[in-house]
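Dumped target35.cif below, it's mmCIF, C-alpha atoms:
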```cif
data_coords
#
loop_
_atom_site.group_PDB
_atom_site.id
_atom_site.type_symbol
_atom_site.label_atom_id
_atom_site.label_comp_id
_atom_site.auth_asym_id
_atom_site.auth_seq_id
_atom_site.Cartn_x
_atom_site.Cartn_y
_atom_site.Cartn_z
ATOM 1 C CA MET A 1 132.387 197.203 87.817
ATOM 2 C CA PHE A 2 132.241 200.962 87.768
ATOM 3 C CA GLU A 3 131.152 201.200 84.153
ATOM 4 C CA VAL A 4 127.419 201.581 83.607
ATOM 5 C CA THR A 5 125.824 198.606 81.842
ATOM 6 C CA THR A 6 122.296 197.612 80.898
ATOM 7 C CA THR A 7 121.988 195.820 84.230
ATOM 8 C CA HIS A 8 122.507 199.125 86.065
ATOM 9 C CA TYR A 9 119.590 200.573 84.122
ATOM 10 C CA LEU A 10 117.478 197.519 84.908
ATOM 11 C CA VAL A 11 118.210 197.924 88.630
ATOM 12 C CA VAL A 12 117.172 201.612 88.619
ATOM 13 C CA SER A 13 114.111 200.802 86.540
ATOM 14 C CA PHE A 14 113.124 197.982 88.860
ATOM 15 C CA LEU A 15 113.553 200.178 91.943
ATOM 16 C CA LEU A 16 111.225 202.762 90.393
ATOM 17 C CA PHE A 17 108.787 199.969 89.494
ATOM 18 C CA ALA A 18 108.790 198.500 93.018
ATOM 19 C CA ILE A 19 108.329 201.916 94.643
ATOM 20 C CA GLY A 20 105.477 202.655 92.227
ATOM 21 C CA ILE A 21 103.746 199.337 92.957
ATOM 22 C CA PHE A 22 104.091 200.003 96.686
ATOM 23 C CA GLY A 23 102.542 203.464 96.213
ATOM 24 C CA ILE A 24 99.641 202.063 94.187
ATOM 25 C CA ALA A 25 98.813 199.358 96.726
ATOM 26 C CA ALA A 26 99.576 201.107 100.015
ATOM 27 C CA ARG A 27 98.614 204.787 99.749
ATOM 28 C CA LYS A 28 95.145 206.058 100.552
ATOM 29 C CA ASN A 29 95.175 209.258 98.568
ATOM 30 C CA MET A 30 93.907 208.875 95.008
ATOM 31 C CA ILE A 31 96.228 211.576 93.612
ATOM 32 C CA THR A 32 99.272 209.797 95.027
ATOM 33 C CA VAL A 33 98.090 206.515 93.493
ATOM 34 C CA LEU A 34 97.870 208.188 90.057
ATOM 35 C CA MET A 35 101.385 209.599 90.530
ATOM 36 C CA SER A 36 102.644 206.097 91.433
ATOM 37 C CA ILE A 37 101.166 204.776 88.167
ATOM 38 C CA GLU A 38 103.230 207.392 86.335
ATOM 39 C CA LEU A 39 106.311 206.102 88.169
ATOM 40 C CA VAL A 40 105.633 202.560 86.942
ATOM 41 C CA LEU A 41 105.165 203.739 83.336
ATOM 42 C CA ASN A 42 108.403 205.705 83.594
ATOM 43 C CA SER A 43 110.299 202.644 84.757
ATOM 44 C CA VAL A 44 109.019 200.727 81.720
ATOM 45 C CA ASN A 45 110.325 203.497 79.450
ATOM 46 C CA LEU A 46 113.706 203.288 81.127
ATOM 47 C CA ASN A 47 113.837 199.556 80.373
ATOM 48 C CA LEU A 48 112.851 200.076 76.738
ATOM 49 C CA VAL A 49 115.521 202.721 76.179
ATOM 50 C CA ALA A 50 118.195 200.645 77.943
ATOM 51 C CA PHE A 51 117.509 197.602 75.749
ATOM 52 C CA SER A 52 117.295 199.790 72.661
ATOM 53 C CA TYR A 53 120.858 200.868 73.438
ATOM 54 C CA GLN A 54 121.976 197.331 74.243
ATOM 55 C CA HIS A 55 120.768 195.960 70.896
ATOM 56 C CA SER A 56 121.415 199.095 68.787
ATOM 57 C CA ASP A 57 117.784 199.023 67.693
ATOM 58 C CA LEU A 58 115.714 202.188 67.448
ATOM 59 C CA THR A 59 112.393 200.376 67.957
ATOM 60 C CA GLY A 60 112.690 200.574 71.742
ATOM 61 C CA GLN A 61 112.818 204.368 71.606
ATOM 62 C CA ILE A 62 109.808 204.473 69.270
ATOM 63 C CA PHE A 63 107.895 202.204 71.634
ATOM 64 C CA SER A 64 108.735 204.400 74.621
ATOM 65 C CA ILE A 65 107.307 207.406 72.749
ATOM 66 C CA PHE A 66 104.033 205.487 72.392
ATOM 67 C CA THR A 67 104.170 204.641 76.107
ATOM 68 C CA ILE A 68 104.511 208.343 76.899
ATOM 69 C CA THR A 69 101.458 209.028 74.693
ATOM 70 C CA VAL A 70 99.400 206.439 76.553
ATOM 71 C CA ALA A 71 100.621 207.813 79.901
ATOM 72 C CA ALA A 72 99.436 211.312 78.917
ATOM 73 C CA GLY A 73 95.980 209.994 77.989
ATOM 74 C CA GLU A 74 95.832 207.919 81.162
ATOM 75 C CA ALA A 75 96.707 210.927 83.326
ATOM 76 C CA ALA A 76 94.032 213.082 81.655
ATOM 77 C CA VAL A 77 91.269 210.480 82.049
ATOM 78 C CA GLY A 78 92.384 209.457 85.552
ATOM 79 C CA LEU A 79 92.393 213.030 86.799
ATOM 80 C CA GLY A 80 88.977 213.552 85.145
ATOM 81 C CA ILE A 81 87.652 210.595 87.131
ATOM 82 C CA LEU A 82 89.267 212.069 90.266
ATOM 83 C CA ILE A 83 87.525 215.426 89.736
ATOM 84 C CA ALA A 84 84.168 213.693 89.193
ATOM 85 C CA PHE A 85 84.717 211.599 92.337
ATOM 86 C CA PHE A 86 85.673 214.654 94.361
ATOM 87 C CA ARG A 87 82.454 216.428 93.314
ATOM 88 C CA LEU A 88 80.495 213.432 94.550
ATOM 89 C CA ARG A 89 82.287 212.791 97.867
ATOM 90 C CA GLU A 90 84.228 215.952 98.792
ATOM 91 C CA THR A 91 87.307 213.788 99.423
ATOM 92 C CA THR A 92 89.986 211.909 97.480
ATOM 93 C CA THR A 93 90.438 209.019 99.916
ATOM 94 C CA LEU A 94 90.145 205.674 98.171
ATOM 95 C CA ASP A 95 88.321 204.005 101.082
ATOM 96 C CA THR A 96 85.241 206.098 100.432
ATOM 97 C CA ALA A 97 84.796 204.479 97.012
ATOM 98 C CA SER A 98 82.955 201.420 98.321
ATOM 99 C CA GLU A 99 79.745 201.171 96.264
ATOM 100 C CA LEU A 100 80.642 197.735 94.937
ATOM 101 C CA LYS A 101 81.759 196.363 98.312
ATOM 102 C CA GLY A 102 79.929 193.099 98.971
ATOM 103 C CA MET B 103 140.373 215.638 86.018
ATOM 104 C CA GLU B 104 141.359 212.692 83.842
ATOM 105 C CA PHE B 105 139.075 210.556 85.959
ATOM 106 C CA LEU B 106 136.205 212.962 85.289
ATOM 107 C CA THR B 107 136.654 212.979 81.517
ATOM 108 C CA ALA B 108 136.960 209.205 81.434
ATOM 109 C CA HIS B 109 134.063 208.422 83.756
ATOM 110 C CA GLY B 110 131.905 211.567 83.508
ATOM 111 C CA ALA B 111 128.940 209.794 81.912
ATOM 112 C CA ASP B 112 129.055 207.013 84.493
ATOM 113 C CA LEU B 113 129.179 209.523 87.358
ATOM 114 C CA LEU B 114 126.212 211.371 85.816
ATOM 115 C CA PHE B 115 124.331 208.089 85.683
ATOM 116 C CA TYR B 116 124.915 207.364 89.379
ATOM 117 C CA LEU B 117 123.976 210.932 90.378
ATOM 118 C CA PHE B 118 120.731 211.029 88.414
ATOM 119 C CA ALA B 119 119.790 207.435 89.207
ATOM 120 C CA ALA B 120 120.015 208.352 92.901
ATOM 121 C CA LEU B 121 117.921 211.473 92.242
ATOM 122 C CA ALA B 122 115.291 209.429 90.378
ATOM 123 C CA VAL B 123 114.969 206.809 93.116
ATOM 124 C CA GLY B 124 114.982 209.477 95.840
ATOM 125 C CA GLY B 125 112.230 211.407 94.083
ATOM 126 C CA ALA B 126 110.184 208.229 93.722
ATOM 127 C CA LEU B 127 110.570 207.514 97.446
ATOM 128 C CA GLY B 128 109.362 211.049 98.111
ATOM 129 C CA VAL B 129 106.241 210.449 96.023
ATOM 130 C CA VAL B 130 105.113 207.476 98.105
ATOM 131 C CA THR B 131 106.167 208.769 101.538
ATOM 132 C CA LEU B 132 105.418 212.499 101.611
ATOM 133 C CA ARG B 133 102.147 213.465 103.232
ATOM 134 C CA SER B 134 101.186 216.433 101.092
ATOM 135 C CA PRO B 135 100.274 215.593 97.465
ATOM 136 C CA MET B 136 101.787 218.934 96.449
ATOM 137 C CA TYR B 137 105.226 217.961 97.773
ATOM 138 C CA GLY B 138 104.682 214.522 96.246
ATOM 139 C CA ALA B 139 104.072 216.101 92.827
ATOM 140 C CA LEU B 140 107.233 218.204 93.079
ATOM 141 C CA SER B 141 109.151 215.086 94.107
ATOM 142 C CA LEU B 142 107.694 213.350 91.039
ATOM 143 C CA LEU B 143 108.993 216.221 88.907
ATOM 144 C CA VAL B 144 112.513 215.525 90.208
ATOM 145 C CA THR B 145 112.121 211.879 89.148
ATOM 146 C CA PHE B 146 110.863 212.845 85.680
ATOM 147 C CA LEU B 147 113.782 215.182 85.019
ATOM 148 C CA ALA B 148 116.336 212.685 86.363
ATOM 149 C CA VAL B 149 114.910 209.940 84.152
ATOM 150 C CA ALA B 150 115.135 212.325 81.183
ATOM 151 C CA VAL B 151 118.873 212.673 81.858
ATOM 152 C CA LEU B 152 119.161 208.870 82.045
ATOM 153 C CA PHE B 153 117.534 208.753 78.583
ATOM 154 C CA LEU B 154 120.057 211.263 77.255
ATOM 155 C CA LEU B 155 122.894 209.052 78.514
ATOM 156 C CA ARG B 156 121.527 206.158 76.423
ATOM 157 C CA ASN B 157 121.517 207.904 73.017
ATOM 158 C CA ALA B 158 117.798 208.704 73.324
ATOM 159 C CA GLU B 159 117.885 212.489 72.974
ATOM 160 C CA PHE B 160 114.440 212.785 71.416
ATOM 161 C CA VAL B 161 112.781 210.591 74.043
ATOM 162 C CA GLY B 162 114.533 212.596 76.757
ATOM 163 C CA MET B 163 113.211 215.864 75.391
ATOM 164 C CA VAL B 164 109.714 214.399 74.968
ATOM 165 C CA GLN B 165 109.960 213.205 78.573
ATOM 166 C CA ILE B 166 110.722 216.757 79.745
ATOM 167 C CA PHE B 167 107.995 218.350 77.595
ATOM 168 C CA VAL B 168 105.200 215.827 78.129
ATOM 169 C CA TYR B 169 105.907 214.621 81.667
ATOM 170 C CA GLY B 170 107.689 217.622 83.168
ATOM 171 C CA GLY B 171 105.449 220.075 81.326
ATOM 172 C CA GLY B 172 102.041 218.631 80.492
ATOM 173 C CA ILE B 173 101.344 215.881 82.998
ATOM 174 C CA MET B 174 102.951 217.772 85.882
ATOM 175 C CA VAL B 175 100.839 220.885 85.224
ATOM 176 C CA LEU B 176 97.752 218.664 85.063
ATOM 177 C CA PHE B 177 98.602 217.122 88.451
ATOM 178 C CA LEU B 178 99.363 220.454 90.118
ATOM 179 C CA PHE B 179 96.168 221.943 88.654
ATOM 180 C CA VAL B 180 94.035 219.112 90.027
ATOM 181 C CA ILE B 181 95.757 219.220 93.435
ATOM 182 C CA MET B 182 94.961 222.920 93.686
ATOM 183 C CA LEU B 183 91.408 222.314 92.431
ATOM 184 C CA VAL B 184 90.578 219.700 95.074
ATOM 185 C CA ASN B 185 91.013 221.401 98.396
ATOM 186 C CA LEU B 186 92.755 218.909 100.656
ATOM 187 C CA HIS B 187 93.357 221.191 103.630
ATOM 188 C CA LYS B 188 90.252 219.839 105.298
ATOM 189 C CA LEU B 189 91.775 216.404 105.962
ATOM 190 C CA PRO B 190 95.069 216.995 107.753
ATOM 191 C CA ASP B 191 95.356 214.049 110.132
ATOM 192 C CA LEU B 192 94.208 211.242 107.915
ATOM 193 C CA LYS B 193 96.211 208.015 107.939
ATOM 194 C CA LEU B 194 98.635 207.845 105.033
ATOM 195 C CA PHE B 195 98.647 204.096 104.367
ATOM 196 C CA HIS B 196 96.089 201.326 104.123
ATOM 197 C CA GLY B 197 95.877 198.504 106.648
ATOM 198 C CA GLN B 198 97.363 196.100 104.097
ATOM 199 C CA THR B 199 100.631 198.072 103.947
ATOM 200 C CA PRO B 200 102.830 195.508 105.810
ATOM 201 C CA PHE B 201 101.651 192.809 103.405
ATOM 202 C CA VAL B 202 102.358 195.034 100.389
ATOM 203 C CA ALA B 203 105.780 195.947 101.758
ATOM 204 C CA ALA B 204 106.632 192.276 102.276
ATOM 205 C CA LEU B 205 105.525 191.523 98.707
ATOM 206 C CA VAL B 206 107.635 194.334 97.273
ATOM 207 C CA VAL B 207 110.679 193.232 99.281
ATOM 208 C CA ALA B 208 110.195 189.660 98.024
ATOM 209 C CA LEU B 209 110.017 190.991 94.440
ATOM 210 C CA LEU B 210 113.174 193.032 95.057
ATOM 211 C CA ALA B 211 114.995 189.941 96.374
ATOM 212 C CA LEU B 212 113.870 187.814 93.420
ATOM 213 C CA PHE B 213 114.863 190.336 90.754
ATOM 214 C CA GLY B 214 118.000 191.267 92.656
ATOM 215 C CA TYR B 215 119.050 187.625 92.508
ATOM 216 C CA PHE B 216 118.527 187.538 88.744
ATOM 217 C CA PHE B 217 120.242 190.872 88.168
ATOM 218 C CA PHE B 218 123.218 189.666 90.167
ATOM 219 C CA HIS B 219 123.562 186.396 88.258
ATOM 220 C CA MET B 220 122.584 187.545 84.791
ATOM 221 C CA SER B 221 124.757 189.508 82.417
ATOM 222 C CA PHE B 222 123.793 190.876 79.032
ATOM 223 C CA GLY B 223 127.400 191.238 78.014
ATOM 224 C CA PRO B 224 128.865 194.446 76.676
ATOM 225 C CA ALA B 225 126.664 196.531 74.409
ATOM 226 C CA PHE B 226 128.147 196.784 70.925
ATOM 227 C CA VAL B 227 126.520 200.108 70.217
ATOM 228 C CA ARG B 228 126.310 201.379 66.665
ATOM 229 C CA PRO B 229 125.675 205.112 67.163
ATOM 230 C CA GLU B 230 124.723 205.582 63.513
ATOM 231 C CA VAL B 231 121.487 203.683 64.262
ATOM 232 C CA PHE B 232 120.532 206.420 66.718
ATOM 233 C CA GLY B 233 121.783 209.197 64.447
ATOM 234 C CA THR B 234 124.181 210.438 67.122
ATOM 235 C CA VAL B 235 127.347 210.423 64.995
ATOM 236 C CA LYS B 236 129.050 213.639 64.061
ATOM 237 C CA GLY B 237 127.974 214.506 60.523
ATOM 238 C CA GLN B 238 124.528 212.977 60.833
ATOM 239 C CA THR B 239 121.518 215.139 61.569
ATOM 240 C CA GLY B 240 120.771 213.627 64.933
ATOM 241 C CA ASN B 241 118.485 211.424 66.932
ATOM 242 C CA PRO B 242 115.164 213.226 66.146
ATOM 243 C CA GLN B 243 115.601 212.574 62.419
ATOM 244 C CA ALA B 244 116.371 208.897 62.972
ATOM 245 C CA VAL B 245 113.284 208.578 65.200
ATOM 246 C CA ALA B 246 111.127 210.455 62.687
ATOM 247 C CA LEU B 247 112.241 208.292 59.770
ATOM 248 C CA SER B 248 111.348 205.164 61.700
ATOM 249 C CA LEU B 249 108.125 206.625 63.101
ATOM 250 C CA PHE B 250 106.742 207.819 59.761
ATOM 251 C CA GLN B 251 107.842 204.815 57.694
ATOM 252 C CA GLN B 252 107.725 201.500 59.569
ATOM 253 C CA GLN B 253 105.548 202.650 62.476
ATOM 254 C CA LEU B 254 103.004 204.794 60.643
ATOM 255 C CA LEU B 255 99.945 202.732 61.603
ATOM 256 C CA PRO B 256 100.640 202.781 65.378
ATOM 257 C CA PHE B 257 101.286 206.510 65.050
ATOM 258 C CA GLU B 258 97.850 207.101 63.515
ATOM 259 C CA ILE B 259 96.215 204.838 66.115
ATOM 260 C CA ALA B 260 97.918 206.904 68.832
ATOM 261 C CA SER B 261 96.308 210.059 67.421
ATOM 262 C CA VAL B 262 92.873 208.418 67.569
ATOM 263 C CA PHE B 263 93.646 207.274 71.118
ATOM 264 C CA LEU B 264 94.498 210.838 72.149
ATOM 265 C CA LEU B 265 91.222 212.083 70.650
ATOM 266 C CA VAL B 266 89.275 209.454 72.607
ATOM 267 C CA ALA B 267 91.163 210.334 75.825
ATOM 268 C CA MET B 268 90.433 214.047 75.296
ATOM 269 C CA ILE B 269 86.714 213.460 74.764
ATOM 270 C CA GLY B 270 86.633 211.135 77.794
ATOM 271 C CA ALA B 271 88.367 213.682 80.029
ATOM 272 C CA VAL B 272 85.995 216.467 78.912
ATOM 273 C CA VAL B 273 82.904 214.310 79.498
ATOM 274 C CA LEU B 274 84.152 213.153 82.916
ATOM 275 C CA GLY B 275 85.051 216.663 84.035
ATOM 276 C CA ARG B 276 81.761 218.216 82.928
ATOM 277 C CA ARG B 277 79.238 219.295 85.560
ATOM 278 C CA GLN B 278 76.062 217.240 85.430
#
```
What's the structure tokens form of this structure?
Amino acid sequence: MFEVTTTHYLVVSFLLFAIGIFGIAARKNMITVLMSIELVLNSVNLNLVAFSYQHSDLTGQIFSIFTITVAAGEAAVGLGILIAFFRLRETTTLDTASELKG
Amino acid sequence: MEFLTAHGADLLFYLFAALAVGGALGVVTLRSPMYGALSLLVTFLAVAVLFLLRNAEFVGMVQIFVYGGGIMVLFLFVIMLVNLHKLPDLKLFHGQTPFVAALVVALLALFGYFFFHMSFGPAFVRPEVFGTVKGQTGNPQAVALSLFQQQLLPFEIASVFLLVAMIGAVVLGRRQ
């Protein structure tokens, strides 16, 4: 009961995932939404590493390195979009991005 | 003391798991994005320790360098670049927040049910796969051997992806 198993890792990972999803869907500030996306990607990495340990297979660790690569690219492009948006609107509130609203 | 030596790794897991979840809660609840970013840093470092506890030393170090170093600096830089002091009393959450919260709680209940009823059994770990046995050269070499032999094509694609992301970020950030 006290010993840490893969399920413990899954619970932590899922908590991070749920908090990240909540941040993405509920927060108004664009910077916070980007940070919540990083939380979700981190929870995926935690899962990959936990199952890599469970199955004694290195592939999970390799895959999580690729996930970190993609997360770095995503953060760079996302923050570039944020800077461009801020130049246009002088704010980072998501509600002001409503060009495509029907 | 005997308890500590026997269960030290487990205690570390509980401590840093709590830190990771607490930091994540800080990210979504704190008003200032600056405090949110620092809270995110706590989560990143705690998750790195969780990696270390699962024989993933290289991934843990990459997590600290890339997330704790690179991405965090990028976030802090952008937060300081966009001056948010002008909007102090803006509402934090959207109108759909109760709906989102209900959805997340439902997800938590669903997965909690499965986690409670599902067991993966004990992990029969072979540390030599991860290179973490005394006498071997360590986890980075094991990762490198796999990365540069079986996974060479994804590795090269990742380099192209990073080039594309860099060009995209430069073009997006350029003044018109």
Inset, instruction - Please tell me which residues are no farther than 12 Å from (112.2, 210.9, 96.8) in the file, counting only C-alpha atoms, and write them as a ChimeraX atom specification. - result: /A:15-16,19-20,36,39 /B:118-132,137-146,148
Legend entry - Among the residues A:Ala26, A:Leu88, A:Ile62, A:Leu10, the one that comes closest to A:Val44 [using all atoms listed in the file]: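 Nearest candidate to A:Val44 out of A:Ala26, A:Leu88, A:Ile62, A:Leu10: A:Leu10.
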Let me have the centre and edge lengths of the axis-aligned box enclosing all listed atoms of stretch 155-160 of chain B with 6 Å padding on every side, in Å to one decimal, as lines of an AutoDock Vina configuration file.
```
center_x = 118.7
center_y = 209.5
center_z = 75.0
size_x = 20.5
size_y = 18.6
size_z = 19.1
```
Once you count only C-alpha atoms, what closest atom pair and distance in Å to one decimal does each residue of chain B within 6 Å of chain A have, with rows by chain and rising residue number, as JSON lines?
```
{"residue": "B:Asp112", "atom": "CA", "partner": "A:Val4", "partner_atom": "CA", "distance": 5.7}
{"residue": "B:Val130", "atom": "CA", "partner": "A:Gly23", "partner_atom": "CA", "distance": 5.1}
{"residue": "B:Leu194", "atom": "CA", "partner": "A:Lys28", "partner_atom": "CA", "distance": 6.0}
{"residue": "B:Phe195", "atom": "CA", "partner": "A:Arg27", "partner_atom": "CA", "distance": 4.7}
{"residue": "B:His196", "atom": "CA", "partner": "A:Ala26", "partner_atom": "CA", "distance": 5.4}
{"residue": "B:Thr199", "atom": "CA", "partner": "A:Ala26", "partner_atom": "CA", "distance": 5.1}
{"residue": "B:Ala225", "atom": "CA", "partner": "A:Gln54", "partner_atom": "CA", "distance": 4.8}
{"residue": "B:Val227", "atom": "CA", "partner": "A:Ser56", "partner_atom": "CA", "distance": 5.4}
{"residue": "B:Arg228", "atom": "CA", "partner": "A:Ser56", "partner_atom": "CA", "distance": 5.8}
{"residue": "B:Ala267", "atom": "CA", "partner": "A:Gly73", "partner_atom": "CA", "distance": 5.3}
{"residue": "B:Ala271", "atom": "CA", "partner": "A:Val77", "partner_atom": "CA", "distance": 4.8}
{"residue": "B:Leu274", "atom": "CA", "partner": "A:Gly80", "partner_atom": "CA", "distance": 5.3}
{"residue": "B:Gly275", "atom": "CA", "partner": "A:Gly80", "partner_atom": "CA", "distance": 5.1}
```
Inset, instruction - Enter the distance from atom CA of B:Pro135 to atom CA of B:Phe179, in Å, rounded to one decimal. - result: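 Interatomic distance, atom CA of B:Pro135 to atom CA of B:Phe179: 11.6 Å.
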Inset, instruction - Tell me, in Å to one decimal, how far atom CA of B:Ala150 is from atom CA of B:Phe115. - result: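 Separation of atom CA of B:Ala150 and atom CA of B:Phe115: 11.1 Å.
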Legend entry - Computed interatomic separation between atom CA of B:Phe217 and atom CA of B:Glu230 (Å):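 Computing the Euclidean distance for atom CA of B:Phe217 and atom CA of B:Glu230 yields 29.1 Å.
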Legend entry - Protein and nucleic acid residues near (112.6, 209.6, 67.1) (cut-off 12 Å, all atoms listed in the file) as an NGL selection string: (:A and (49 or 57-66)) or (:B and (157-164 or 231-234 or 239-251 or 253 or 257))
Supply stretch 225-248 of chain B as a tab-separated table (two decimals), keeping the file's coordinate frame, with N, CA and C atoms built in where the input has gaps.
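Saved result, result_2.tsv, follows:
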```
chain	number	residue	atom	x	y	z
B	225	ALA	N	127.53	196.07	75.49
B	225	ALA	CA	126.66	196.53	74.41
B	225	ALA	C	127.54	197.01	73.26
B	226	PHE	N	127.41	196.34	72.12
B	226	PHE	CA	128.15	196.78	70.92
B	226	PHE	C	127.30	197.82	70.21
B	227	VAL	N	127.44	199.06	70.68
B	227	VAL	CA	126.52	200.11	70.22
B	227	VAL	C	126.98	200.64	68.86
B	228	ARG	N	126.04	200.73	67.94
B	228	ARG	CA	126.31	201.38	66.67
B	228	ARG	C	125.60	202.73	66.68
B	229	PRO	N	126.33	203.82	66.98
B	229	PRO	CA	125.68	205.11	67.16
B	229	PRO	C	124.97	205.61	65.91
B	230	GLU	N	125.38	205.08	64.73
B	230	GLU	CA	124.72	205.58	63.51
B	230	GLU	C	123.25	205.16	63.47
B	231	VAL	N	122.90	204.08	64.20
B	231	VAL	CA	121.49	203.68	64.26
B	231	VAL	C	120.66	204.78	64.93
B	232	PHE	N	121.26	205.39	65.97
B	232	PHE	CA	120.53	206.42	66.72
B	232	PHE	C	120.74	207.80	66.13
B	233	GLY	N	121.55	207.89	65.08
B	233	GLY	CA	121.78	209.20	64.45
B	233	GLY	C	122.64	210.13	65.28
B	234	THR	N	123.42	209.57	66.23
B	234	THR	CA	124.18	210.44	67.12
B	234	THR	C	125.66	210.48	66.75
B	235	VAL	N	125.97	210.31	65.46
B	235	VAL	CA	127.35	210.42	65.00
B	235	VAL	C	127.55	211.82	64.44
B	236	LYS	N	128.76	212.33	64.62
B	236	LYS	CA	129.05	213.64	64.06
B	236	LYS	C	128.92	213.57	62.54
B	237	GLY	N	128.20	214.54	61.96
B	237	GLY	CA	127.97	214.51	60.52
B	237	GLY	C	126.57	214.07	60.17
B	238	GLN	N	125.94	213.30	61.05
B	238	GLN	CA	124.53	212.98	60.83
B	238	GLN	C	123.66	214.05	61.47
B	239	THR	N	122.37	214.05	61.12
B	239	THR	CA	121.52	215.14	61.57
B	239	THR	C	120.96	214.93	62.96
B	240	GLY	N	121.13	213.76	63.54
B	240	GLY	CA	120.77	213.63	64.93
B	240	GLY	C	119.66	212.63	65.19
B	241	ASN	N	119.45	212.42	66.48
B	241	ASN	CA	118.48	211.42	66.93
B	241	ASN	C	117.04	211.72	66.51
B	242	PRO	N	116.55	212.98	66.56
B	242	PRO	CA	115.16	213.23	66.15
B	242	PRO	C	114.88	212.78	64.72
B	243	GLN	N	115.86	213.00	63.80
B	243	GLN	CA	115.60	212.57	62.42
B	243	GLN	C	115.53	211.05	62.31
B	244	ALA	N	116.41	210.36	63.01
B	244	ALA	CA	116.37	208.90	62.97
B	244	ALA	C	115.04	208.39	63.51
B	245	VAL	N	114.57	208.99	64.62
B	245	VAL	CA	113.28	208.58	65.20
B	245	VAL	C	112.16	208.89	64.22
B	246	ALA	N	112.21	210.07	63.60
B	246	ALA	CA	111.13	210.46	62.69
B	246	ALA	C	111.06	209.54	61.48
B	247	LEU	N	112.23	209.18	60.94
B	247	LEU	CA	112.24	208.29	59.77
B	247	LEU	C	111.60	206.96	60.12
B	248	SER	N	111.94	206.44	61.30
B	248	SER	CA	111.35	205.16	61.70
B	248	SER	C	109.86	205.32	61.99
```
